[in-house]
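Asker: My structure file final.txt, compact mmCIF, C-alpha atoms, is below:
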# COMPACT_ATOMS: atom_id res chain seq x y z
CA MET D 1 7.44 0.67 -17.71
CA GLU D 2 8.93 4.08 -16.95
CA ILE D 3 6.56 7.01 -16.44
CA ARG D 4 8.82 9.75 -15.10
CA ASN D 5 8.18 13.34 -16.23
CA TYR D 6 4.95 12.55 -18.07
CA LYS D 7 1.40 13.87 -17.91
CA ALA D 8 -1.45 11.61 -16.83
CA VAL D 9 -5.23 11.66 -16.53
CA PHE D 10 -7.19 9.42 -14.18
CA VAL D 11 -10.40 7.49 -14.74
CA GLY D 12 -12.87 6.05 -12.26
CA ILE D 13 -16.48 4.94 -12.14
CA ILE D 14 -19.33 5.62 -9.74
CA LYS D 15 -21.54 2.57 -9.35
CA GLN D 16 -24.99 2.58 -7.83
CA GLY D 17 -24.66 3.09 -4.10
CA ASP D 18 -21.13 4.53 -4.30
CA ASP D 19 -20.27 7.74 -2.47
CA GLU D 20 -19.25 10.23 -5.18
CA ASN D 21 -16.97 12.18 -2.82
CA ARG D 22 -15.22 8.98 -1.82
CA VAL D 23 -14.65 7.98 -5.44
CA MET D 24 -13.00 11.36 -6.02
CA GLU D 25 -10.83 10.84 -2.94
CA TYR D 26 -9.79 7.48 -4.36
CA LEU D 27 -8.77 9.25 -7.57
CA GLU D 28 -6.78 11.75 -5.48
CA GLU D 29 -4.91 8.77 -4.03
CA LEU D 30 -4.37 7.43 -7.57
CA GLU D 31 -2.89 10.80 -8.51
CA PHE D 32 -0.55 10.59 -5.51
CA LEU D 33 0.48 7.13 -6.67
CA ALA D 34 1.26 8.54 -10.12
CA LEU D 35 3.25 11.40 -8.58
CA THR D 36 5.22 8.87 -6.55
CA ALA D 37 6.04 7.03 -9.78
CA GLY D 38 7.02 10.29 -11.47
CA ALA D 39 3.95 11.32 -13.50
CA LYS D 40 2.16 14.64 -13.03
CA GLY D 41 -1.63 14.55 -12.74
CA ASP D 42 -3.60 16.63 -15.24
CA LYS D 43 -7.34 15.81 -15.03
CA LYS D 44 -9.80 13.31 -13.53
CA PHE D 45 -12.69 11.67 -15.38
CA VAL D 46 -15.56 9.82 -13.73
CA GLN D 47 -18.67 8.16 -15.10
CA LYS D 48 -21.76 6.85 -13.37
CA VAL D 49 -22.46 3.26 -14.48
CA ASP D 50 -24.33 0.25 -13.16
CA LYS D 51 -21.23 -1.90 -13.67
CA PRO D 52 -17.95 -1.69 -15.62
CA ASP D 53 -18.26 -2.30 -19.36
CA GLY D 54 -16.77 -5.69 -20.18
CA ALA D 55 -15.13 -4.40 -23.36
CA THR D 56 -13.95 -0.89 -22.48
CA TYR D 57 -14.59 -0.49 -18.71
CA ILE D 58 -16.43 2.81 -19.34
CA ARG D 59 -18.93 3.70 -22.04
CA SER D 60 -17.76 4.68 -25.51
CA GLY D 61 -18.97 8.28 -25.26
CA LYS D 62 -16.86 9.02 -22.19
CA LEU D 63 -13.93 7.18 -23.73
CA GLU D 64 -14.12 9.36 -26.85
CA GLU D 65 -14.19 12.44 -24.59
CA ILE D 66 -11.04 11.23 -22.83
CA ALA D 67 -9.35 10.46 -26.16
CA ALA D 68 -10.08 13.96 -27.48
CA TYR D 69 -8.77 15.57 -24.29
CA CYS D 70 -5.60 13.46 -24.40
CA THR D 71 -4.91 14.43 -28.01
CA GLU D 72 -5.53 18.11 -27.39
CA ASN D 73 -3.40 18.25 -24.23
CA GLU D 74 -0.66 15.77 -25.22
CA ILE D 75 -1.41 13.35 -22.39
CA ASP D 76 1.03 10.48 -22.06
CA TYR D 77 -0.87 8.12 -19.75
CA VAL D 78 -4.49 7.28 -19.05
CA ILE D 79 -4.60 5.60 -15.63
CA PHE D 80 -7.65 3.64 -14.46
CA ASP D 81 -8.43 3.21 -10.77
CA ASP D 82 -9.44 -0.43 -11.16
CA GLU D 83 -7.59 -3.38 -12.63
CA LEU D 84 -8.34 -3.78 -16.34
CA THR D 85 -8.61 -7.05 -18.18
CA GLY D 86 -6.33 -7.60 -21.15
CA ILE D 87 -9.29 -7.17 -23.52
CA GLN D 88 -10.37 -3.90 -21.88
CA GLN D 89 -6.85 -2.49 -22.01
CA ARG D 90 -6.39 -3.33 -25.70
CA ASN D 91 -9.78 -1.92 -26.68
CA ILE D 92 -9.20 1.31 -24.74
CA GLU D 93 -5.74 1.77 -26.26
CA LYS D 94 -7.19 1.61 -29.78
CA ILE D 95 -9.34 4.65 -28.95
CA VAL D 96 -7.00 6.82 -26.84
CA LYS D 97 -3.73 6.14 -28.69
CA PRO D 98 -1.06 7.41 -28.77
CA SER D 99 -1.65 7.81 -25.02
CA ALA D 100 -0.66 4.67 -23.12
CA VAL D 101 -3.18 2.90 -20.87
CA ILE D 102 -2.33 1.43 -17.48
CA ASP D 103 -4.37 0.47 -14.44
CA ARG D 104 -3.94 0.87 -10.71
CA THR D 105 -2.22 -2.50 -10.33
CA SER D 106 0.33 -1.76 -13.04
CA LEU D 107 1.04 1.64 -11.46
CA ILE D 108 1.64 0.14 -8.01
CA LEU D 109 3.91 -2.49 -9.55
CA GLU D 110 5.90 0.30 -11.18
CA ILE D 111 6.31 2.08 -7.85
CA PHE D 112 7.43 -1.13 -6.17
CA SER D 113 9.92 -1.66 -8.98
CA GLN D 114 11.35 1.83 -8.47
CA ARG D 115 11.48 1.41 -4.68
CA ALA D 116 13.06 -2.05 -4.54
CA ARG D 117 16.60 -1.75 -3.20
CA THR D 118 17.75 -5.25 -2.24
CA SER D 119 18.01 -8.19 -4.61
CA TYR D 120 15.30 -9.95 -2.57
CA ALA D 121 12.82 -7.09 -2.99
CA LYS D 122 13.65 -6.84 -6.69
CA MET D 123 12.93 -10.56 -7.16
CA GLN D 124 9.63 -10.20 -5.30
CA VAL D 125 8.55 -7.31 -7.52
CA GLU D 126 9.67 -9.09 -10.67
CA LEU D 127 7.63 -12.15 -9.71
CA ALA D 128 4.58 -9.96 -9.15
CA ARG D 129 5.13 -8.28 -12.53
CA TYR D 130 5.29 -11.57 -14.41
CA ASN D 131 2.21 -12.93 -12.64
CA TYR D 132 0.38 -9.76 -13.68
CA MET D 133 1.64 -9.97 -17.27
CA LEU D 134 0.94 -13.66 -17.89
CA PRO D 135 -2.80 -13.39 -18.65
CA ARG D 136 -2.18 -10.21 -20.69
CA LEU D 137 0.36 -11.44 -23.23
CA ALA D 138 -1.96 -11.38 -26.22
CA GLY D 139 -1.62 -8.03 -27.95
CA MET D 140 1.91 -7.19 -26.86
CA TRP D 141 3.80 -6.58 -30.07
CA THR D 142 7.36 -6.66 -28.85
CA HIS D 143 9.23 -9.47 -27.15
CA LEU D 144 8.72 -9.53 -23.40
CA GLU D 145 12.42 -9.79 -22.62
CA ARG D 146 12.76 -6.22 -23.92
CA GLN D 147 9.84 -4.85 -21.89
CA ARG D 148 9.43 -3.51 -18.40
CA GLY D 149 5.93 -4.26 -17.27
CA GLY D 150 4.19 -4.56 -20.62
CA MET D 151 4.10 -0.85 -21.56
CA GLY D 152 4.80 0.41 -25.06
CA ALA D 153 3.10 0.18 -28.43
CA ARG D 154 0.58 -2.56 -29.03
CA GLY D 155 -0.31 -4.44 -32.13
CA GLY D 156 -0.97 -7.84 -33.68
CA MET D 157 1.18 -10.79 -32.77
CA GLY D 158 1.22 -14.30 -34.12
CA GLU D 159 -0.07 -17.07 -31.90
CA LYS D 160 3.32 -18.76 -32.13
CA GLN D 161 5.09 -15.72 -30.66
CA ILE D 162 2.48 -15.47 -27.88
CA GLU D 163 3.08 -19.08 -26.94
CA ILE D 164 6.84 -18.55 -26.97
CA ASP D 165 6.48 -15.53 -24.69
CA ARG D 166 4.05 -17.38 -22.43
CA ARG D 167 6.57 -20.21 -22.00
CA ILE D 168 9.38 -17.73 -21.29
CA VAL D 169 7.28 -15.98 -18.64
CA LYS D 170 6.25 -19.25 -16.99
CA GLU D 171 9.88 -20.41 -16.90
CA ARG D 172 10.94 -17.10 -15.37
CA ILE D 173 8.16 -17.30 -12.76
CA SER D 174 9.27 -20.82 -11.84
CA LYS D 175 12.91 -19.74 -11.53
CA LEU D 176 12.03 -16.71 -9.41
CA LYS D 177 9.93 -18.84 -7.08
CA GLU D 178 12.85 -21.23 -6.59
CA GLN D 179 15.24 -18.36 -5.84
CA LEU D 180 12.79 -16.73 -3.43
CA GLN D 181 12.15 -20.02 -1.65
CA LYS D 182 15.87 -20.30 -0.91
CA VAL D 183 15.95 -16.78 0.53
CA ASP D 184 12.69 -17.43 2.41
CA ARG D 185 14.26 -20.44 4.13
CA GLN D 186 17.26 -18.33 5.14
CA MET D 187 14.98 -15.61 6.50
CA ALA D 188 12.91 -18.18 8.38
CA THR D 189 16.12 -19.48 9.97
CA GLN D 190 17.09 -15.95 10.95
CA ARG D 191 13.70 -15.39 12.56
CA GLY D 192 14.08 -18.70 14.39
CA ASN D 193 17.50 -17.70 15.67
CA ARG D 194 16.00 -14.69 17.41
CA GLY D 195 14.83 -17.01 20.13
CA GLN D 196 11.92 -16.03 22.31
CA MET D 197 12.45 -12.29 22.27
CA VAL D 198 9.20 -10.34 22.12
CA ARG D 199 8.55 -9.18 18.56
CA ILE D 200 6.59 -6.08 17.57
CA ALA D 201 5.72 -5.16 13.98
CA LEU D 202 4.77 -1.73 12.69
CA VAL D 203 1.81 -1.97 10.30
CA GLY D 204 -0.42 0.60 8.66
CA TYR D 205 -1.52 2.26 5.47
CA THR D 206 1.28 3.52 3.28
CA ASN D 207 2.69 6.97 4.14
CA VAL D 208 1.35 7.13 7.71
CA GLY D 209 4.78 7.60 9.30
CA LYS D 210 5.84 4.06 10.24
CA SER D 211 9.48 4.55 9.23
CA THR D 212 9.69 7.88 11.04
CA LEU D 213 8.36 6.19 14.16
CA MET D 214 10.81 3.33 13.67
CA ASN D 215 13.66 5.83 13.63
CA LEU D 216 12.44 7.39 16.89
CA LEU D 217 11.95 4.15 18.80
CA ALA D 218 14.99 2.28 17.51
CA LYS D 219 17.26 5.32 17.18
CA THR D 220 18.11 4.22 13.67
CA GLU D 221 18.03 5.80 10.20
CA VAL D 222 15.43 3.90 8.20
CA PHE D 223 14.65 5.66 4.91
CA ALA D 224 11.51 7.78 5.25
CA GLU D 225 9.90 10.39 3.01
CA ASN D 226 6.48 11.82 2.18
CA LYS D 227 5.74 9.42 -0.66
CA LEU D 228 3.85 6.17 -0.96
CA PHE D 229 5.73 2.92 -0.35
CA ALA D 230 8.97 4.55 0.80
CA THR D 231 9.78 1.25 2.55
CA LEU D 232 9.68 -2.14 0.83
CA ASP D 233 12.37 -4.10 2.64
CA THR D 234 11.59 -5.16 6.19
CA THR D 235 13.92 -3.64 8.77
CA VAL D 236 14.33 -5.33 12.15
CA ARG D 237 16.05 -3.64 15.09
CA LYS D 238 16.56 -4.54 18.73
CA VAL D 239 15.03 -1.91 21.01
CA VAL D 240 15.39 -1.58 24.78
CA ILE D 241 12.95 0.51 26.80
CA GLU D 242 14.23 0.86 30.36
CA ASN D 243 15.43 -2.71 31.00
CA CYS D 244 12.99 -4.38 28.61
CA PRO D 245 14.33 -5.61 25.22
CA PHE D 246 12.27 -6.50 22.15
CA LEU D 247 12.59 -6.68 18.37
CA LEU D 248 10.85 -4.00 16.29
CA SER D 249 10.20 -4.47 12.56
CA ASP D 250 9.10 -1.94 9.95
CA THR D 251 7.15 -3.48 7.07
CA VAL D 252 5.72 -2.50 3.70
CA GLY D 253 2.67 -0.26 3.90
CA PHE D 254 -0.78 -1.43 2.88
CA ILE D 255 -3.08 0.33 0.45
CA ARG D 256 -6.59 0.05 -0.91
CA LYS D 257 -6.77 -2.58 -3.69
CA LEU D 258 -3.26 -3.84 -2.95
CA PRO D 259 -2.60 -6.16 -5.91
CA THR D 260 -2.94 -9.84 -5.03
CA GLN D 261 0.24 -10.46 -7.01
CA LEU D 262 2.17 -8.33 -4.51
CA ILE D 263 0.60 -9.97 -1.46
CA GLU D 264 1.68 -13.34 -2.85
CA ALA D 265 5.18 -12.15 -3.79
CA PHE D 266 5.77 -10.46 -0.42
CA LYS D 267 4.39 -13.31 1.69
CA SER D 268 7.75 -13.98 3.34
CA THR D 269 8.25 -10.30 4.16
CA LEU D 270 4.78 -10.30 5.68
CA ASP D 271 5.81 -13.24 7.88
CA GLU D 272 7.30 -10.57 10.15
CA VAL D 273 3.70 -9.43 10.71
CA ARG D 274 2.26 -12.92 11.04
CA GLU D 275 4.89 -14.01 13.56
CA ALA D 276 4.87 -10.84 15.66
CA ASP D 277 3.59 -10.90 19.24
CA VAL D 278 2.12 -7.41 18.99
CA LEU D 279 1.22 -5.08 16.12
CA LEU D 280 1.57 -1.32 16.31
CA HIS D 281 -1.11 -0.16 13.90
CA VAL D 282 0.04 3.33 12.88
CA VAL D 283 -2.75 5.62 11.63
CA ASP D 284 -2.48 9.04 10.00
CA ILE D 285 -5.23 10.77 11.97
CA SER D 286 -4.85 13.92 9.85
CA HIS D 287 -5.97 12.07 6.71
CA PRO D 288 -9.65 12.68 5.90
CA GLU D 289 -10.16 8.98 5.15
CA PHE D 290 -8.16 7.53 8.05
CA GLU D 291 -11.09 5.37 9.16
CA ASP D 292 -11.31 3.77 5.73
CA GLN D 293 -7.55 3.30 5.77
CA MET D 294 -7.83 1.49 9.11
CA LYS D 295 -10.47 -0.81 7.60
CA THR D 296 -8.18 -1.53 4.64
CA VAL D 297 -5.30 -2.43 6.95
CA ASN D 298 -7.50 -4.65 9.12
CA ALA D 299 -8.88 -6.41 6.03
CA THR D 300 -5.34 -7.02 4.74
CA LEU D 301 -4.24 -8.34 8.14
CA ASN D 302 -7.13 -10.80 8.05
CA GLU D 303 -6.19 -11.76 4.50
CA ILE D 304 -2.62 -12.67 5.47
CA GLY D 305 -3.68 -14.49 8.63
CA ALA D 306 -2.69 -11.84 11.18
CA GLY D 307 -6.11 -10.55 12.13
CA ASN D 308 -6.07 -12.06 15.62
CA LYS D 309 -2.90 -10.34 16.84
CA ALA D 310 -2.72 -8.08 19.88
CA VAL D 311 -2.81 -4.51 18.59
CA LEU D 312 -1.86 -1.09 19.92
CA VAL D 313 -3.31 1.62 17.68
CA VAL D 314 -0.96 4.59 17.30
CA PHE D 315 -2.73 7.68 15.98
CA ASN D 316 0.08 9.66 14.36
CA LYS D 317 0.32 13.21 12.93
CA ILE D 318 -1.80 14.87 15.61
CA ASP D 319 0.13 18.06 14.78
CA ALA D 320 -1.67 18.12 11.41
CA TYR D 321 -5.11 17.13 12.72
CA LYS D 322 -7.90 19.52 11.72
CA TYR D 323 -11.60 19.55 12.41
CA GLU D 324 -14.64 21.36 11.12
CA GLU D 325 -17.13 22.79 13.58
CA TYR D 326 -20.40 20.87 13.61
CA ASP D 327 -23.72 22.68 13.29
CA GLU D 328 -25.87 21.23 16.07
CA TYR D 329 -28.95 21.99 13.97
CA SER D 330 -27.60 20.06 10.98
CA LEU D 331 -29.69 17.16 9.69
CA THR D 332 -26.58 15.22 8.66
CA PRO D 333 -24.85 12.96 11.20
CA LYS D 334 -21.64 14.09 12.85
CA LYS D 335 -18.56 12.87 10.97
CA ALA D 336 -14.99 12.22 12.09
CA GLU D 337 -13.85 15.64 10.90
CA ASN D 338 -16.46 17.29 13.15
CA TYR D 339 -14.75 16.08 16.33
CA THR D 340 -11.98 17.94 18.10
CA LEU D 341 -8.97 15.79 18.88
CA GLU D 342 -10.04 15.48 22.52
CA GLU D 343 -13.60 14.58 21.51
CA PHE D 344 -12.28 11.95 19.13
CA LYS D 345 -9.99 10.49 21.79
CA ASN D 346 -12.84 10.15 24.25
CA SER D 347 -15.34 8.81 21.72
CA TRP D 348 -12.94 6.34 20.10
CA ILE D 349 -11.58 5.01 23.38
CA ALA D 350 -15.11 4.65 24.75
CA SER D 351 -16.39 2.75 21.70
CA GLU D 352 -13.41 0.48 20.94
CA ASN D 353 -11.78 -2.26 22.96
CA THR D 354 -8.40 -1.75 21.30
CA PRO D 355 -5.79 0.21 23.31
CA CYS D 356 -4.53 3.35 21.59
CA THR D 357 -2.24 6.31 21.97
CA PHE D 358 -1.90 9.67 20.18
CA ILE D 359 1.43 11.01 18.93
CA SER D 360 3.25 13.19 16.43
CA ALA D 361 6.37 11.36 15.31
CA LYS D 362 7.46 14.48 13.42
CA GLU D 363 7.18 16.75 16.46
CA LYS D 364 8.07 13.94 18.93
CA THR D 365 4.84 14.57 20.83
CA GLY D 366 3.43 11.74 22.93
CA ILE D 367 6.49 9.53 22.39
CA ASP D 368 7.17 9.11 26.12
CA LYS D 369 3.64 7.80 26.65
CA LEU D 370 3.99 5.50 23.65
CA ARG D 371 7.24 4.11 25.05
CA ASN D 372 5.55 3.55 28.39
CA ASP D 373 2.60 1.78 26.72
CA ILE D 374 4.97 -0.46 24.76
CA TYR D 375 6.98 -1.17 27.92
CA LYS D 376 3.87 -2.36 29.75
CA ILE D 377 2.86 -4.64 26.88
CA VAL D 378 6.31 -6.11 26.32
CA SER D 379 7.06 -6.56 30.03
CA GLU D 380 3.82 -8.51 30.52
CA ILE D 381 4.64 -10.82 27.61
CA HIS D 382 8.23 -11.16 28.80
CA ALA D 383 7.17 -11.94 32.36
CA GLY D 384 4.91 -14.72 31.13
CA ARG D 385 7.62 -16.10 28.84
CA TYR D 386 10.47 -15.80 31.36
CA PRO D 387 8.88 -15.82 34.84
CA PHE D 388 12.28 -15.97 36.58
CA ASN D 389 14.11 -13.49 34.39
CA ASN D 390 14.05 -9.77 35.15
CA PHE D 391 15.34 -8.78 31.71
CA LEU D 392 18.92 -9.37 32.80
CA TYR D 393 20.85 -10.45 29.70
Would you write the structure of this file as structure tokens?
Answerer:
Amino acid sequence: MEIRNYKAVFVGIIKQGDDENRVMEYLEELEFLALTAGAKGDKKFVQKVDKPDGATYIRSGKLEEIAAYCTENEIDYVIFDDELTGIQQRNIEKIVKPSAVIDRTSLILEIFSQRARTSYAKMQVELARYNYMLPRLAGMWTHLERQRGGMGARGGMGEKQIEIDRRIVKERISKLKEQLQKVDRQMATQRGNRGQMVRIALVGYTNVGKSTLMNLLAKTEVFAENKLFATLDTTVRKVVIENCPFLLSDTVGFIRKLPTQLIEAFKSTLDEVREADVLLHVVDISHPEFEDQMKTVNATLNEIGAGNKAVLVVFNKIDAYKYEEYDEYSLTPKKAENYTLEEFKNSWIASENTPCTFISAKEKTGIDKLRNDIYKIVSEIHAGRYPFNNFLY
């Protein structure tokens, strides 16, 4: 799939009990995902439903409205915020054609495909793609060896061809798993050869500034830009603060509804998180939904078996933090955006047991305190691990 320089509309649903503003914010994130992949957002459609329609995800009336808009405005892609079943995708395409239909998972897979730089990352993404495609083979009209991600025209296909394609995909999945297992063993050996050095991993929602912070702490040049999933390949650097050495790793960012296919494919990369002594959970405090993003990261950490790690929360981008004054006579409860930065610091620190610090990696504000906090953590671990060694290597 290649969606550069195209126009896209976005579709979401509001179920009973959902916050309508939050659903719209999720669609804003979907638009940012599309922009990262190269497609320009045009319009957002939402529908209130009790549950997704099993055949078309949304009701036929709204789907006809979307189809008419797409035809009138020459829309190339209709992007749904939830993962569609193969049946839903085929039924929707019959109504909105010639616009192509993709879902959030397919879009994220496309971004990962564009961002993969090393052969290892490319194999991981390819494995995730094939695992996503396997249950969706029926309805693809052209041979899968000539496709990238299952996009393109759709139509009837004989059962024989579907079975041939299914066998090809399964064989490719098996081969990729074998190749990745070999690399995984090599990477495990490399991690083992690092000895007992203290290991710290940067984790966080995508686009919160992990790579920028990595560059500051490690004095390196890890690729960083204001787009989602700028980093796919794990980077590990030795860092020394005063006389205290440790290994710092920058890992792939997390996101809401991160496809399970990607979590499975990137399990070895995520071993850097699982095997770390300490996690630096980087948070974009200027983002209006940073608390939800923190919950997403924590849920993903639990999912990969790293939820019990020691954590230092690093609230980044304080230079962009904004707040709205709170009306003391308001009947609505005070929200995160109604706190000044100082009020938030005091309230968060008072209510949470997790240590934290506040920085701007861009403006290099608070970095000295962060270094000092890291030094204290690492030196304590190091002292327990090497009681007779004063960091003299």
Asker: Fewer than 5 positions away in the same chain doesn't count, so skip those; otherwise give me all residues within 6 Å of D:Val78, counting all atoms listed in the file, as a ChimeraX atom specification.
Answerer: /D:8-10,101
Asker: Name all residues at most 7 Å from stretch 361-376 of chain D (count only C-alpha atoms; drop same-chain ones fewer than 4 positions away) and give them as a compact mmCIF listing (two decimals) with C-alpha atoms, in the coordinates of the input.
Answerer:
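Listed below is the output, out.txt:
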# COMPACT_ATOMS: atom_id res chain seq x y z
CA THR D 212 9.69 7.88 11.04
CA LEU D 213 8.36 6.19 14.16
CA ILE D 241 12.95 0.51 26.80
CA CYS D 244 12.99 -4.38 28.61
CA ASN D 316 0.08 9.66 14.36
CA LYS D 317 0.32 13.21 12.93
CA THR D 357 -2.24 6.31 21.97
CA GLU D 380 3.82 -8.51 30.52
Asker: Atom CA of D:Pro98 and atom CA of D:Ile66 are how many Å apart?
Answerer: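 Separation of atom CA of D:Pro98 and atom CA of D:Ile66: 12.2 Å.
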Asker: I'd like to know which of D:Thr71, D:Thr118, D:Thr85, D:Asn21 is closest to D:Ala100, using only C-alpha atoms.
Answerer: D:Thr71
Asker: Would you mind listing what lies within 8 Å of D:Met214 as an MDAnalysis selection string, with all atoms listed in the file counted and same-chain residues fewer than 3 positions away left out?
Answerer: chainID D and resid 202 210:211 217:220 222 248:250
Asker: Using all atoms listed in the file, pick whichever of D:Leu107, D:Ile200, D:Ile95, D:Ala116 has the shortest atom-to-atom distance to D:Tyr132.
Answerer: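 Of all the options, D:Leu107 lies closest to D:Tyr132.
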Asker: Go ahead and compute the interatomic distance for atom CA of D:Ala67 and atom CA of D:Asp19, in Å to one decimal.
Answerer: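 Atom CA of D:Asp19 lies at a distance of 26.2 Å from atom CA of D:Ala67.
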Asker: D:Asn353: which residues within 12 Å, counting only C-alpha atoms, same-chain residues fewer than 2 positions away excluded, as JSON, numbers by chain?
Answerer: {"D": [310, 311, 312, 313, 347, 348, 349, 350, 351, 355, 356]}
Asker: Go ahead and compute the interatomic distance for atom CA of D:Asn308 and atom CA of D:Thr296, in Å to one decimal.
Answerer: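 Separation between atom CA of D:Asn308 and atom CA of D:Thr296: 15.4 Å.
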Asker: Residues at most 10 Å from stretch 181-183 of chain D, counting all atoms listed in the file, excluding those fewer than 5 positions away in the same chain, as a PyMOL selection string?
Answerer: chain D and resi 120+175-176+188-189+268
Asker: Restricting the calculation to all atoms listed in the file: of D:Ser360, D:Asn131, D:Gln47, D:Gln186, which residue gets closest to D:Arg172?
Answerer: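 Of all the options, D:Asn131 lies closest to D:Arg172.
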Asker: Counting all atoms listed in the file, which residue out of D:Arg385, D:Lys7, D:Arg274, D:Arg104 sits closest to D:Lys43?
Answerer: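 Distance minimum relative to D:Lys43 lands on D:Lys7.
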Asker: With distances taken over only C-alpha atoms, which of D:Glu31, D:Ile92, D:Val208, D:Asp42 is nearest to D:Ala55?
Answerer: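 Smallest distance to D:Ala55 is found for D:Ile92.
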Asker: From the list D:Glu72, D:Leu262, D:Val203, D:Glu171, which residue is nearest D:Glu110 when using all atoms listed in the file?
Answerer: D:Leu262
